[in-house]
Every structure is written in C-alpha cells, then in structure tokens.
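Engineer: Questions regarding the structure given below will be posed in turn.
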Amino acid sequence: MMTVYKTDNRVLHEVEEMDPGVWIMMTNPTMEESQEVAEQYDIDMADVRAALDEEESSRIELEDGYTLILVDIPATEIRHESKNYTTIPLGILLTQECIITVCTEETPILQHFIERRVREFSTKKKMRFVYQILFRTAAMYQSTLRIIDKKRTDIEENIGGNTEDEDLVNLHELESTLVYFATSLRANGVVLERLSRYKRLEQYPEDTELLDDVIIENKQAIEMTMIYRDIINGTRELVSSVINNRLNNVMKYLTSITLVMAIPTIISGLYGMNVSGKWMPLSNTPYGFGIICLGTLIICILILLILRKKNML
C-alpha cells in the first residue's frame, strides 16, 4: 500500500500527486508500487525494497541523488501462541523532492504523524522529519521496555505462588526480546553518529539540537535494555531455583515416606518366610500378631519423629 501526504499551513492531508515536498508512506508495497517510485525518483529498486528484508541491518548510504537510511524499530509478533516483541527494519529515502518511508507493516511511529500528534511537523523539512521519526523510534523502544519490565514484575510476583515452567519460558522470551533490542539500538546508534557527521544532508540549525536529543534518547534506551536484561536474568535464575527447591522438597518427602513404609514391609516379609515357626519370635505367643503390629507402629512413629527433628518432613 502506498499513501502520499503533504503538509500545507502545518496541516497534514492526503494528496494524489507526487508533488515536491510530499511524504510517500509505503507499507508492504507491491512490486508495481516500488517500481513506480523507483522510476519517478531514479532510485535503485534494491534500495526501495531494502526495508522489506527482515535481515537487513541498520545503515546509512549516500547515493547520487538520494540518501538511504535504514533503522530497526520495535514491532509485535506471535511466538509460542503469545504476543511478543521484536524489531523490523524501517527504510527512509531522502530525495531532492520528497521523503519516502518503507516498512513491512503499519507502525505506531508513523501513525503519530498521520494523527497530527507531533509538533512542528512538516513534510517539506525532510531532515527534521527524519529526526522526529528517529526520536519517536527511541521513545517507542523505551515505552516497550517498560511493558517488558511490567511483564517481568508480574512473573516475579507469582514466584511465591503457583510457579510453573511456563514462567521460565516467558522470561526466556522477554530476555530474547531484549537481545534483539540491544542489537538494534546499538546499530541505530551508529546511524545517528554518522548522521551527526554528514554535512551533505541539508538541515536547519534547530535540527542539530533535535538530533542531539535523539542520540541521548537512544543511549538511554540502550541503558534501560541492559538494566532490564540483567534484572530478567536474575529473575529467571530465581524462578529456576524456586522450581528446583520445590522439586527437592517433593523428593525429600517421598524419600521419607518410602523409608517409613519400608519398616512394615521388611517385618512382614520376614514373618512371611517359609521357615519353622519355632524360630520366629512371638510366633507361638498369644496375641503375637497384635504385638508385632504394635511394635512395627512404634518403630514407624520413632522414625517419623527422627525425620521430623532433622527437617526431613
């Protein structure tokens, strides 16, 4: 899908023609749409469709007549029948006439501009628009990281209750997401550093301050990712230790019960042997069976007391 927007008097509206100063938003575009944009602005087809490859890494390339900026942005996906977070590429193409964004799916980052929730936004000020996109990207990373930490907190609160293997799986998913985030944020940071050095890209003086803010927000997102990753790693070890401790307690109880139940089994086994009765104690004594049962019960009670004293029960 391809949609063309333009700001007039600070008001964004959709237009039909690709006039100078427009923003072309391409969401999972077809080959025909990609070909149309590539021919209109003399852009290499591979660069137009670069963001559609999930394996593409963040980078910036200065070509004749246009500039390609690729960054990773947060996105959601379904893994193990649950909603999780990942990163996808977002391509930004700057030409002399317009700015083009390419992504495989709709993202809240661009929806903020469509819904007119970004101040001082203009499709004609291309570099400021790029920095505003990157600022929203860093802000979305931070917002998603807070959601991830909230999920971790919910799992941690259930540790004292019904902790299951599913909690370990969920923590592993969160930790994997933070690995993706950390890698993407570092790559985005390299792109931002290069943007601050390139003089070919025309920008207004106030845009430099906005770029500095973007760099700071990106670094803060990296720090949050590392902190939350360490915390989740500690929580995962805690959950694993709790599960192992409960398993050890179950095995301890079962061992104690087996030990107690072995006493009657041994005694009844001895008296069930096919030998002469005169050699078996209490075999010819009145109430011998009751005495043996009582003695067995006393021995079991003594063992229970000993095990309880040693915290085995």
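Numbering starts fresh at 1 for the residues of each chain in the structure tokens, the chains themselves are lettered A, B, ... in the order given, and ligands are numbered from 1 as they appear.
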With a cut-off of 9 Å, could you pull out the residues of region 23-100 of chain A touching region 170-178 of chain A and give me the nearest pair of atoms for each, distance in Å to one decimal, using only C-alpha atoms, ordered by chain and ascending number, as a tab-separated table?

Structural biologist:
```
residue	atom	partner	partner_atom	distance
A:Arg79	CA	A:Glu173	CA	8.5
A:Asn84	CA	A:Glu173	CA	7.4
A:Tyr85	CA	A:Thr177	CA	6.0
A:Thr86	CA	A:Thr177	CA	5.9
A:Thr87	CA	A:Thr177	CA	8.6
```

Engineer: Go ahead and save the residues from that selection, with all heavy atoms, as an mmCIF file, in the first residue's frame.

Structural biologist:
```cif
data_model
loop_
_atom_site.group_PDB
_atom_site.id
_atom_site.type_symbol
_atom_site.label_atom_id
_atom_site.label_comp_id
_atom_site.auth_asym_id
_atom_site.auth_seq_id
_atom_site.Cartn_x
_atom_site.Cartn_y
_atom_site.Cartn_z
ATOM 1 N N ARG A 79 4.668 -15.441 19.102
ATOM 2 C CA ARG A 79 5.591 -16.549 19.299
ATOM 3 C C ARG A 79 5.062 -17.422 20.426
ATOM 4 O O ARG A 79 4.712 -16.921 21.487
ATOM 5 C CB ARG A 79 7.004 -16.063 19.664
ATOM 6 C CG ARG A 79 7.717 -15.334 18.569
ATOM 7 C CD ARG A 79 9.234 -15.293 18.784
ATOM 8 N NE ARG A 79 9.620 -14.772 20.073
ATOM 9 C CZ ARG A 79 9.962 -13.506 20.293
ATOM 10 N NH1 ARG A 79 9.940 -12.630 19.302
ATOM 11 N NH2 ARG A 79 10.320 -13.096 21.499
ATOM 12 N N ASN A 84 4.595 -11.213 21.592
ATOM 13 C CA ASN A 84 5.940 -10.856 21.991
ATOM 14 C C ASN A 84 6.438 -9.720 21.115
ATOM 15 O O ASN A 84 5.794 -9.328 20.140
ATOM 16 C CB ASN A 84 6.878 -12.068 21.890
ATOM 17 C CG ASN A 84 6.565 -13.136 22.913
ATOM 18 O OD1 ASN A 84 6.876 -13.004 24.085
ATOM 19 N ND2 ASN A 84 5.925 -14.212 22.469
ATOM 20 N N TYR A 85 7.621 -9.215 21.453
ATOM 21 C CA TYR A 85 8.168 -8.067 20.746
ATOM 22 C C TYR A 85 9.419 -8.456 19.978
ATOM 23 O O TYR A 85 10.170 -9.346 20.387
ATOM 24 C CB TYR A 85 8.491 -6.941 21.733
ATOM 25 C CG TYR A 85 7.273 -6.390 22.433
ATOM 26 C CD1 TYR A 85 6.884 -6.880 23.677
ATOM 27 C CD2 TYR A 85 6.496 -5.400 21.840
ATOM 28 C CE1 TYR A 85 5.754 -6.389 24.319
ATOM 29 C CE2 TYR A 85 5.370 -4.898 22.473
ATOM 30 C CZ TYR A 85 5.010 -5.397 23.709
ATOM 31 O OH TYR A 85 3.880 -4.919 24.335
ATOM 32 N N THR A 86 9.621 -7.776 18.863
ATOM 33 C CA THR A 86 10.798 -7.989 18.031
ATOM 34 C C THR A 86 11.139 -6.654 17.368
ATOM 35 O O THR A 86 10.584 -5.610 17.733
ATOM 36 C CB THR A 86 10.545 -9.089 16.981
ATOM 37 O OG1 THR A 86 11.754 -9.339 16.270
ATOM 38 C CG2 THR A 86 9.452 -8.675 16.024
ATOM 39 N N THR A 87 12.031 -6.670 16.402
ATOM 40 C CA THR A 87 12.372 -5.462 15.661
ATOM 41 C C THR A 87 12.270 -5.732 14.169
ATOM 42 O O THR A 87 12.529 -6.844 13.710
ATOM 43 C CB THR A 87 13.804 -4.983 15.986
ATOM 44 O OG1 THR A 87 14.736 -6.031 15.663
ATOM 45 C CG2 THR A 87 13.931 -4.638 17.462
#
```

Engineer: Contacts of region 294-297 of chain A at 10 Å or less, counting only C-alpha atoms, minus same-chain residues fewer than 4 places along, as a PyMOL selection string?

Structural biologist: chain A and resi 260+263-268+288-290+301-303

Engineer: Which residues of region 88-145 of chain A sit at most 8 Å from region 216-221 of chain A, using only C-alpha atoms? Give each one's shortest atom pair and distance in Å (one decimal place), in chain and ascending residue order, as a tab-separated table.

Structural biologist:
```
residue	atom	partner	partner_atom	distance
A:Phe135	CA	A:Glu217	CA	7.3
A:Ala138	CA	A:Asn218	CA	5.3
A:Ala139	CA	A:Glu217	CA	7.1
A:Tyr141	CA	A:Ala221	CA	6.5
A:Gln142	CA	A:Ala221	CA	5.5
```

Engineer: Please dump the current selection as a PDB file, in the first residue's frame; keep all heavy atoms.

Structural biologist:
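selection_21.pdb was written with the following content:
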```
ATOM      1  N   PHE A 135      13.380  10.060  16.758  1.00  0.00           N
ATOM      2  CA  PHE A 135      13.050  10.364  18.160  1.00  0.00           C
ATOM      3  C   PHE A 135      11.874   9.519  18.621  1.00  0.00           C
ATOM      4  O   PHE A 135      11.886   8.963  19.728  1.00  0.00           O
ATOM      5  CB  PHE A 135      12.723  11.854  18.301  1.00  0.00           C
ATOM      6  CG  PHE A 135      12.525  12.296  19.719  1.00  0.00           C
ATOM      7  CD1 PHE A 135      13.603  12.710  20.489  1.00  0.00           C
ATOM      8  CD2 PHE A 135      11.260  12.288  20.307  1.00  0.00           C
ATOM      9  CE1 PHE A 135      13.429  13.107  21.809  1.00  0.00           C
ATOM     10  CE2 PHE A 135      11.072  12.682  21.612  1.00  0.00           C
ATOM     11  CZ  PHE A 135      12.156  13.094  22.371  1.00  0.00           C
ATOM     12  N   ALA A 138      13.099   5.949  19.293  1.00  0.00           N
ATOM     13  CA  ALA A 138      13.737   5.779  20.597  1.00  0.00           C
ATOM     14  C   ALA A 138      12.706   5.811  21.722  1.00  0.00           C
ATOM     15  O   ALA A 138      12.793   5.034  22.685  1.00  0.00           O
ATOM     16  CB  ALA A 138      14.787   6.877  20.810  1.00  0.00           C
ATOM     17  N   ALA A 139      11.707   6.692  21.603  1.00  0.00           N
ATOM     18  CA  ALA A 139      10.656   6.771  22.626  1.00  0.00           C
ATOM     19  C   ALA A 139       9.837   5.490  22.665  1.00  0.00           C
ATOM     20  O   ALA A 139       9.449   5.006  23.742  1.00  0.00           O
ATOM     21  CB  ALA A 139       9.759   7.978  22.362  1.00  0.00           C
ATOM     22  N   TYR A 141      10.904   2.497  21.831  1.00  0.00           N
ATOM     23  CA  TYR A 141      11.745   1.493  22.467  1.00  0.00           C
ATOM     24  C   TYR A 141      11.612   1.582  23.994  1.00  0.00           C
ATOM     25  O   TYR A 141      11.438   0.567  24.679  1.00  0.00           O
ATOM     26  CB  TYR A 141      13.208   1.681  22.069  1.00  0.00           C
ATOM     27  CG  TYR A 141      13.636   0.914  20.842  1.00  0.00           C
ATOM     28  CD1 TYR A 141      13.978   1.569  19.670  1.00  0.00           C
ATOM     29  CD2 TYR A 141      13.711  -0.479  20.852  1.00  0.00           C
ATOM     30  CE1 TYR A 141      14.380   0.871  18.537  1.00  0.00           C
ATOM     31  CE2 TYR A 141      14.110  -1.183  19.725  1.00  0.00           C
ATOM     32  CZ  TYR A 141      14.447  -0.501  18.580  1.00  0.00           C
ATOM     33  OH  TYR A 141      14.833  -1.202  17.460  1.00  0.00           O
ATOM     34  N   GLN A 142      11.695   2.789  24.521  1.00  0.00           N
ATOM     35  CA  GLN A 142      11.602   2.960  25.964  1.00  0.00           C
ATOM     36  C   GLN A 142      10.234   2.543  26.483  1.00  0.00           C
ATOM     37  O   GLN A 142      10.127   1.904  27.537  1.00  0.00           O
ATOM     38  CB  GLN A 142      11.893   4.420  26.320  1.00  0.00           C
ATOM     39  CG  GLN A 142      13.313   4.853  26.018  1.00  0.00           C
ATOM     40  CD  GLN A 142      13.581   6.295  26.390  1.00  0.00           C
ATOM     41  OE1 GLN A 142      12.864   6.880  27.191  1.00  0.00           O
ATOM     42  NE2 GLN A 142      14.614   6.885  25.824  1.00  0.00           N
TER      43      GLN A 142
END
```

Engineer: Pick out the closest residue to Glu120 (chain A) from this set: A:Val11, A:Met251, A:Leu211, A:Met261. Count only C-alpha atoms.

Structural biologist: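 Looking only at the distances to Glu120 (chain A), the closest residue turns out to be A:Val11.
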
Engineer: For Ile43 (chain A), work out the shell of residues within 10 Å, counting only C-alpha atoms and skipping chain neighbours fewer than 3 positions away, then give it as a list in words.

Structural biologist: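 Answer for this query is Ser34, Gln35, Val37, Ala38, Glu39, Gln40, Ala46, Asp47, Val48, Glu63, Asp64, Gly65, Tyr66, Thr67, Leu68, Leu93 and Thr95 of chain A.
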
Engineer: Generate the output file for the selected residues, N, CA, C and O atoms, as a short mmCIF file (atom, residue, chain, number, x, y, z; two decimals), in the first residue's frame.

Structural biologist:
```cif
data_model
loop_
_atom_site.label_atom_id
_atom_site.label_comp_id
_atom_site.auth_asym_id
_atom_site.auth_seq_id
_atom_site.Cartn_x
_atom_site.Cartn_y
_atom_site.Cartn_z
N SER A 34 6.64 -0.22 -5.93
CA SER A 34 8.08 0.02 -5.77
C SER A 34 8.69 0.48 -7.09
O SER A 34 9.54 1.39 -7.11
N GLN A 35 8.28 -0.15 -8.19
CA GLN A 35 8.80 0.23 -9.50
C GLN A 35 8.41 1.66 -9.86
O GLN A 35 9.21 2.42 -10.40
N VAL A 37 7.82 4.22 -7.79
CA VAL A 37 8.62 5.17 -7.01
C VAL A 37 10.07 5.18 -7.49
O VAL A 37 10.70 6.24 -7.60
N ALA A 38 10.61 4.00 -7.78
CA ALA A 38 11.99 3.91 -8.24
C ALA A 38 12.20 4.67 -9.55
O ALA A 38 13.21 5.38 -9.73
N GLU A 39 11.25 4.55 -10.46
CA GLU A 39 11.37 5.26 -11.74
C GLU A 39 11.11 6.75 -11.59
O GLU A 39 11.74 7.58 -12.26
N GLN A 40 10.18 7.11 -10.70
CA GLN A 40 9.83 8.52 -10.52
C GLN A 40 11.01 9.33 -9.98
O GLN A 40 11.25 10.46 -10.42
N ALA A 46 16.60 -2.04 -5.44
CA ALA A 46 17.06 -2.75 -4.24
C ALA A 46 16.99 -1.86 -3.01
O ALA A 46 16.69 -2.33 -1.90
N ASP A 47 17.25 -0.57 -3.17
CA ASP A 47 17.18 0.36 -2.05
C ASP A 47 15.74 0.63 -1.65
O ASP A 47 15.43 0.81 -0.46
N VAL A 48 14.83 0.67 -2.64
CA VAL A 48 13.42 0.89 -2.33
C VAL A 48 12.86 -0.26 -1.49
O VAL A 48 12.08 -0.05 -0.54
N GLU A 63 23.83 8.02 -1.86
CA GLU A 63 23.89 7.70 -3.28
C GLU A 63 23.72 8.98 -4.09
O GLU A 63 23.41 10.05 -3.56
N ASP A 64 23.94 8.85 -5.39
CA ASP A 64 23.76 10.01 -6.29
C ASP A 64 22.27 10.35 -6.39
O ASP A 64 21.49 9.58 -6.94
N GLY A 65 21.89 11.47 -5.83
CA GLY A 65 20.52 11.93 -5.96
C GLY A 65 19.61 11.56 -4.80
O GLY A 65 18.50 12.09 -4.70
N TYR A 66 20.04 10.66 -3.94
CA TYR A 66 19.19 10.29 -2.81
C TYR A 66 20.05 9.69 -1.69
O TYR A 66 21.21 9.33 -1.89
N THR A 67 19.44 9.58 -0.52
CA THR A 67 20.10 9.01 0.66
C THR A 67 19.19 7.94 1.25
O THR A 67 17.99 8.15 1.42
N LEU A 68 19.78 6.80 1.58
CA LEU A 68 19.04 5.69 2.19
C LEU A 68 19.43 5.58 3.66
O LEU A 68 20.61 5.49 3.99
N LEU A 93 14.00 7.07 2.66
CA LEU A 93 14.68 7.51 1.45
C LEU A 93 14.49 9.02 1.30
O LEU A 93 13.36 9.52 1.27
N THR A 95 15.14 12.22 -1.06
CA THR A 95 15.48 12.73 -2.39
C THR A 95 15.44 14.25 -2.36
O THR A 95 15.11 14.85 -1.33
#
```

Engineer: I'd like to know which of A:Arg136, A:Lys126, A:His13, A:Arg117 is closest to Ile99 (chain A), using only C-alpha atoms.

Structural biologist: A:Lys126

Engineer: Per DSSP on the backbone, what are the alpha helix (DSSP H) residues of region 134-285 of chain A, as a count of residues only?

Structural biologist: 124

Engineer: Quick one: everything within 7 Å of region 50-59 of chain A, counting only C-alpha atoms, minus sequence neighbours fewer than 6 positions away in the same chain. Send it as a PyMOL selection string.

Structural biologist: chain A and resi 69-72+88-91+102-104+187-188+191

Engineer: Which residues, written as a list in words, have at least one atom at most 7 Å from region 25-28 of chain A, with only C-alpha atoms counted and residues fewer than 3 positions away on the same chain left out?

Structural biologist: Met1, Met2, Thr3, Val4, Ile100, Thr101, Val102, Cys103, Thr104, Glu105 and Glu106 of chain A

Engineer: For the residues selected in the previous step, produce a file with N, CA, C and O atoms as a CSV table (one decimal), in the first residue's frame.

Structural biologist:
```
chain,number,residue,atom,x,y,z
A,1,MET,N,0.9,-1.2,0.0
A,1,MET,CA,0.0,0.0,0.0
A,1,MET,C,0.9,1.2,0.0
A,1,MET,O,1.9,1.3,0.7
A,2,MET,N,0.5,2.2,-0.8
A,2,MET,CA,1.3,3.5,-0.9
A,2,MET,C,0.3,4.6,-0.7
A,2,MET,O,-0.7,4.7,-1.4
A,3,THR,N,0.7,5.5,0.2
A,3,THR,CA,-0.1,6.7,0.5
A,3,THR,C,0.8,7.9,0.5
A,3,THR,O,1.9,7.9,1.0
A,4,VAL,N,0.3,9.0,-0.1
A,4,VAL,CA,1.1,10.2,-0.3
A,4,VAL,C,0.4,11.3,0.6
A,4,VAL,O,-0.8,11.6,0.6
A,100,ILE,N,10.6,9.4,1.5
A,100,ILE,CA,9.8,8.1,1.3
A,100,ILE,C,10.1,7.2,2.5
A,100,ILE,O,11.3,7.1,2.9
A,101,THR,N,9.1,6.7,3.1
A,101,THR,CA,9.3,5.7,4.2
A,101,THR,C,8.8,4.3,3.7
A,101,THR,O,7.7,4.3,3.1
A,102,VAL,N,9.5,3.3,4.0
A,102,VAL,CA,9.1,1.9,3.6
A,102,VAL,C,9.2,1.0,4.8
A,102,VAL,O,10.2,1.0,5.5
A,103,CYS,N,8.1,0.2,5.0
A,103,CYS,CA,8.1,-0.7,6.2
A,103,CYS,C,7.2,-1.9,5.8
A,103,CYS,O,6.3,-1.7,4.9
A,104,THR,N,7.4,-3.0,6.4
A,104,THR,CA,6.6,-4.2,6.1
A,104,THR,C,5.2,-4.2,6.7
A,104,THR,O,4.3,-4.9,6.3
A,105,GLU,N,5.0,-3.3,7.7
A,105,GLU,CA,3.7,-3.2,8.4
A,105,GLU,C,3.5,-1.8,8.9
A,105,GLU,O,4.4,-1.0,9.0
A,106,GLU,N,2.2,-1.6,9.3
A,106,GLU,CA,1.9,-0.3,9.9
A,106,GLU,C,2.6,-0.2,11.3
A,106,GLU,O,2.5,-1.1,12.0
```

Engineer: Let me make sure I understand: among A:Leu210, A:Ile78, A:Ile231, A:Ile243, which one has the smallest atom-to-atom distance to Thr153 (chain A) if we use only C-alpha atoms?

Structural biologist: A:Ile231

Engineer: Name the closest residue to Thr208 (chain A) among the candidates A:Met127, A:Leu305, A:Val169, A:Met140; distances are taken between atoms, counting only C-alpha atoms.

Structural biologist: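 Under the stated criterion, the closest residue is A:Met127.
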
Engineer: Mind pulling up the distance from CA of Leu145 (chain A) to CA of Arg194 (chain A)?

Structural biologist: 25.5 Å

Engineer: Looking at only C-alpha atoms, which of A:Leu282, A:Leu195, A:Ile257, A:Leu168 is the one that sits closest to Asn233 (chain A)?

Structural biologist: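 Closest to Asn233 (chain A) of all the choices is A:Leu168.
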